[in-house]
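S.K.: Encoded as structure tokens, here's the structure I'll be asking about.
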Amino acid sequence: MPRGAALSSEILKEQGQPDAGYQVVAVSRSNAQRIATWPVTGWNGAYNWILNARGPSSPIIRSGDQISLSIWDSQENSLLTTPSAKEARLLDLVVSAGGNVFIPYVGDVQIRNLTPEEAREKVQTALEPIISSAQVQLSVSPGQQNSVDLVGGVAKPGSYPLPGRNYTILSLLSQGGGIQESLRNPVVRLIRDGRNYEVRADKLLAEPKLDTTLRGNDKVVVDADRRYFTALGATGNEELVYFDRERISAMEALAMIGGLSDARADLNSVLVLRDYPVAALRQDGTGPQHRQVIFTFDLTRAEGLFAARQFGINPMDTVFATEASVTKARAVMGMIGSLVGVSNAASSVGN
């Protein structure tokens with residue numbers, strides 16, 4: 001008989017045999033928390049994010065920044081100015097890898113990790129032995145190490161200079177034109193010092209404490225949440241279903257796929273199929289014993305319903321609703337009824 005899904009007895013008929021190759025775990029309230037401690041599958045297990053304390057409002061000077069100096073000296077025999085121009089300009093001085101700028105008659109002055117005002121005072125102090133009355137004005141143009149890259153997922157990606165040490169990731173996203181509306185379930189990724197930090201965009205927007213400050217050389221990428229699970233069998237929809245939140249329970253997964261088919265699904269046996277890596281296998285009860293595990297739920301009992309609320313779906317899981325055996329019986333009876341109807345109709349025509 002043609003059917004849309006398998007019976008649970010057909011799928012699980014090999015359980016308990018030595019060569020079954022898979023493990024069957026009936027999920028209940030008593031073991032749901034223990035199963036939650038098993039290694040995660042399908043991704044790294046959780047979004048991770050960092051919080052930074054706010055710093056001074058002015059930026060700090062880094063290697064690669066460009067410094068411009070205006071030095072005023074009223075002395076007649078100045079080393080830096082001429083009688084007709086009492087101002088000397090030193091433009092586009094690049095801060096060296098060691099954090100220094102070279103100033104004539106003074107030499108190297110260490111200004112890295114100083115604010116512009118602190119650097120101005122240090123340069124003016126360094127000039128005092130040769131120009132006692134010198135007054136200094138300093139401006140900074142951020143270099144590559146004092147800028148951040150907004151890579152994608154926004155209207156205006158590009159490299160943006162840091163205007164201050166309190167420049168946050170939401171300010172950067174706003175300057176880049178905001179997150180693209182067409183992006184499905186967006187995730188914000190921060191790449192810093194070779195490490196990735198991720199947070200869902202809706203959570204970042206909802207919690208002000210997550211609006212972390214940026215550092216030079218940071219890279220920010222906005223991308224779609226690519227986690228999904230598969231829905232098959234006697235469900236409302238058979239499809240790939242993308243995660244729309246950080247964690248989805250088995251009960252929420254059923255709601256996302258339109259529930260179970262009223263006429264077909266076996267509420268006694270809803271299955272979740274999952275693959276574990278070899279490194280996750282345990283024989284002491286603290287983890288899965290086989291790479292392939294089938295979790296079963298009995299949704300006709302309160303025990304099974306509460307267990308489904310506690311059980312978390314992992315990316316790349318398969319949620320499978322088996323077909324009730326009564327469906328097959330109904331199909332057989334329907335076919336018999338159809339045959340009888342055809343036979344009666346034929347008899348009527350013959351008569």
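Ordering of the structure tokens sets the chain letters (A, B, ...); residue numbers start at 1 within each chain; ligands are numbered from 1 in the order shown.
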Which neighbours of segment 227-242 of chain A fall inside 10 Å, counting only C-alpha atoms, when residues of the same chain fewer than 4 positions from it are skipped, and could you give them as a PyMOL selection string?
M.R.: chain A and resi 3-7+42-43+184-185+246+253-266+270-273+313-324
S.K.: Quick one: pick out all strand (DSSP E or B) residues within segment 250-300 of chain A from a backbone DSSP run and write them as a PyMOL selection string.
M.R.: chain A and resi 260+265-275+292-297
S.K.: Could you take the residues named above and write them with all heavy atoms, as a short mmCIF file (atom, residue, chain, number, x, y, z; two decimals), in the first residue's frame?
M.R.:
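The resulting file, result.cif, is shown below:
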```
data_model
loop_
_atom_site.label_atom_id
_atom_site.label_comp_id
_atom_site.auth_asym_id
_atom_site.auth_seq_id
_atom_site.Cartn_x
_atom_site.Cartn_y
_atom_site.Cartn_z
N LEU A 260 1.75 18.01 13.41
CA LEU A 260 1.69 16.67 12.83
C LEU A 260 0.40 16.52 12.03
O LEU A 260 -0.60 17.17 12.29
CB LEU A 260 1.75 15.62 13.93
CG LEU A 260 2.99 15.68 14.84
CD1 LEU A 260 2.87 14.66 15.96
CD2 LEU A 260 4.25 15.44 14.06
N ALA A 265 -0.29 10.91 11.44
CA ALA A 265 0.82 10.81 12.37
C ALA A 265 0.50 9.90 13.56
O ALA A 265 -0.62 9.86 14.06
CB ALA A 265 1.21 12.19 12.87
N ASP A 266 1.55 9.19 13.99
CA ASP A 266 1.47 8.35 15.18
C ASP A 266 2.02 9.14 16.35
O ASP A 266 3.23 9.32 16.48
CB ASP A 266 2.28 7.07 14.96
CG ASP A 266 2.20 6.13 16.16
OD1 ASP A 266 1.46 6.44 17.11
OD2 ASP A 266 2.88 5.08 16.13
N LEU A 267 1.15 9.63 17.22
CA LEU A 267 1.59 10.44 18.35
C LEU A 267 2.40 9.64 19.36
O LEU A 267 3.09 10.22 20.20
CB LEU A 267 0.38 11.07 19.04
CG LEU A 267 -0.45 12.06 18.21
CD1 LEU A 267 -1.62 12.59 19.03
CD2 LEU A 267 0.42 13.20 17.73
N ASN A 268 2.31 8.33 19.29
CA ASN A 268 3.08 7.50 20.21
C ASN A 268 4.55 7.42 19.83
O ASN A 268 5.36 6.97 20.63
CB ASN A 268 2.52 6.07 20.24
CG ASN A 268 1.15 6.01 20.89
OD1 ASN A 268 1.03 6.07 22.09
ND2 ASN A 268 0.11 5.92 20.05
N SER A 269 4.89 7.84 18.62
CA SER A 269 6.26 7.63 18.16
C SER A 269 6.69 8.73 17.21
O SER A 269 6.65 8.57 15.98
CB SER A 269 6.39 6.26 17.49
OG SER A 269 7.73 5.96 17.23
N VAL A 270 7.09 9.87 17.78
CA VAL A 270 7.74 10.93 17.01
C VAL A 270 9.24 10.77 17.23
O VAL A 270 9.70 10.62 18.38
CB VAL A 270 7.26 12.32 17.46
CG1 VAL A 270 8.04 13.42 16.74
CG2 VAL A 270 5.77 12.46 17.20
N LEU A 271 10.03 10.79 16.17
CA LEU A 271 11.45 10.47 16.24
C LEU A 271 12.31 11.68 15.91
O LEU A 271 11.93 12.51 15.09
CB LEU A 271 11.79 9.34 15.25
CG LEU A 271 10.87 8.11 15.25
CD1 LEU A 271 11.35 7.11 14.21
CD2 LEU A 271 10.82 7.47 16.63
N VAL A 272 13.47 11.73 16.55
CA VAL A 272 14.51 12.69 16.18
C VAL A 272 15.77 11.88 15.89
O VAL A 272 16.28 11.16 16.77
CB VAL A 272 14.78 13.72 17.29
CG1 VAL A 272 15.98 14.60 16.93
CG2 VAL A 272 13.55 14.59 17.52
N LEU A 273 16.29 11.98 14.67
CA LEU A 273 17.47 11.24 14.25
C LEU A 273 18.68 12.16 14.31
O LEU A 273 18.62 13.29 13.82
CB LEU A 273 17.29 10.70 12.83
CG LEU A 273 16.39 9.47 12.64
CD1 LEU A 273 14.93 9.79 12.99
CD2 LEU A 273 16.46 8.95 11.22
N ARG A 274 19.78 11.64 14.88
CA ARG A 274 20.96 12.48 15.07
C ARG A 274 22.23 11.65 14.88
O ARG A 274 22.29 10.49 15.29
CB ARG A 274 20.95 13.09 16.47
CG ARG A 274 22.14 13.98 16.80
CD ARG A 274 21.98 14.59 18.20
NE ARG A 274 20.80 15.44 18.27
CZ ARG A 274 20.31 15.92 19.41
NH1 ARG A 274 20.89 15.61 20.56
NH2 ARG A 274 19.24 16.70 19.41
N ASP A 275 23.25 12.25 14.27
CA ASP A 275 24.56 11.62 14.08
C ASP A 275 25.56 12.25 15.04
O ASP A 275 25.68 13.48 15.10
CB ASP A 275 25.05 11.79 12.65
CG ASP A 275 24.22 10.99 11.66
OD1 ASP A 275 24.04 9.79 11.89
OD2 ASP A 275 23.74 11.57 10.66
N GLN A 292 24.90 6.77 15.46
CA GLN A 292 23.54 7.12 15.05
C GLN A 292 22.58 6.83 16.20
O GLN A 292 22.53 5.70 16.71
CB GLN A 292 23.14 6.33 13.80
CG GLN A 292 23.99 6.70 12.58
CD GLN A 292 23.62 5.90 11.36
OE1 GLN A 292 23.35 4.71 11.44
NE2 GLN A 292 23.61 6.56 10.21
N VAL A 293 21.84 7.85 16.60
CA VAL A 293 20.93 7.74 17.74
C VAL A 293 19.54 8.20 17.29
O VAL A 293 19.39 9.21 16.60
CB VAL A 293 21.40 8.58 18.94
CG1 VAL A 293 20.41 8.48 20.10
CG2 VAL A 293 22.79 8.14 19.39
N ILE A 294 18.53 7.43 17.69
CA ILE A 294 17.13 7.80 17.43
C ILE A 294 16.48 8.10 18.77
O ILE A 294 16.40 7.22 19.65
CB ILE A 294 16.37 6.67 16.71
CG1 ILE A 294 17.03 6.36 15.36
CG2 ILE A 294 14.91 7.07 16.51
CD1 ILE A 294 16.39 5.18 14.64
N PHE A 295 16.04 9.33 18.95
CA PHE A 295 15.33 9.73 20.16
C PHE A 295 13.83 9.61 19.88
O PHE A 295 13.34 10.08 18.83
CB PHE A 295 15.68 11.16 20.55
CG PHE A 295 17.14 11.37 20.85
CD1 PHE A 295 18.00 11.87 19.88
CD2 PHE A 295 17.66 11.05 22.09
CE1 PHE A 295 19.35 12.07 20.15
CE2 PHE A 295 19.01 11.24 22.37
CZ PHE A 295 19.86 11.74 21.40
N THR A 296 13.09 8.98 20.77
CA THR A 296 11.65 8.77 20.57
C THR A 296 10.86 9.54 21.61
O THR A 296 11.27 9.69 22.76
CB THR A 296 11.30 7.27 20.66
OG1 THR A 296 11.55 6.80 21.99
CG2 THR A 296 12.14 6.46 19.67
N PHE A 297 9.67 10.01 21.18
CA PHE A 297 8.78 10.78 22.05
C PHE A 297 7.37 10.22 21.93
O PHE A 297 6.87 9.97 20.81
CB PHE A 297 8.76 12.26 21.64
CG PHE A 297 10.10 12.94 21.73
CD1 PHE A 297 11.00 12.87 20.67
CD2 PHE A 297 10.46 13.64 22.87
CE1 PHE A 297 12.22 13.49 20.75
CE2 PHE A 297 11.68 14.26 22.95
CZ PHE A 297 12.58 14.19 21.90
#
```
S.K.: Calculated over only C-alpha atoms, which of the candidates A:Gln135, A:Thr213, A:Thr286, A:Gln310 has the smallest distance to Met251 of chain A?
M.R.: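 Closest residue, counting only C-alpha atoms: A:Gln310.
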S.K.: Any chance you could list, as a list in words, the residues in segment 14-93 of chain A that come up alpha helix (DSSP H) when DSSP is run on the backbone?
M.R.: Arg29, Ser30, Asn31, Ala32, Gln33, Arg34, Ile35 and Ala36 of chain A
S.K.: Write out as an MDAnalysis selection string the residues lying within 10 Å of Tyr276 of chain A, counting only C-alpha atoms and excluding same-chain residues fewer than 6 positions away.
M.R.: chainID A and resid 38:42 287:293
S.K.: Okay, now the selection with C-alpha atoms, as a PDB file, in the first residue's frame?
M.R.:
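Result file is out05.pdb:
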```pdb
ATOM      1  CA  TRP A  38      25.801  15.056  25.586  1.00  0.00           C
ATOM      2  CA  PRO A  39      28.147  16.653  23.030  1.00  0.00           C
ATOM      3  CA  VAL A  40      26.438  19.014  20.632  1.00  0.00           C
ATOM      4  CA  THR A  41      26.289  18.208  16.938  1.00  0.00           C
ATOM      5  CA  GLY A  42      25.941  20.250  13.795  1.00  0.00           C
ATOM      6  CA  GLY A 287      26.988  10.023  26.260  1.00  0.00           C
ATOM      7  CA  PRO A 288      25.754   8.221  23.164  1.00  0.00           C
ATOM      8  CA  GLN A 289      26.872   4.632  22.639  1.00  0.00           C
ATOM      9  CA  HIS A 290      26.447   4.658  18.847  1.00  0.00           C
ATOM     10  CA  ARG A 291      27.157   7.248  16.212  1.00  0.00           C
ATOM     11  CA  GLN A 292      23.538   7.115  15.047  1.00  0.00           C
ATOM     12  CA  VAL A 293      20.929   7.740  17.737  1.00  0.00           C
TER      13      VAL A 293
END
```
S.K.: Could you pull the residues within 8 Å of Arg120 of chain A, counting only C-alpha atoms, minus those fewer than 4 positions along the same chain, as a list in words?
M.R.: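 The residues that qualify are Pro116, Gln124, Val136, Gln137 and Leu138 of chain A.
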S.K.: Hey, which of A:Leu170, A:Ala20, A:Val278, A:Leu150 ends up closest to Ala206 of chain A? Count only C-alpha atoms.
M.R.: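 So, comparing all the options, the nearest one is A:Leu170.
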S.K.: Just checking: using only C-alpha atoms, which residue out of A:Ser182, A:Asn44, A:Ser139, A:Ser147 ends up closest to Ser70 of chain A?
M.R.: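 Closest candidate: A:Ser139.
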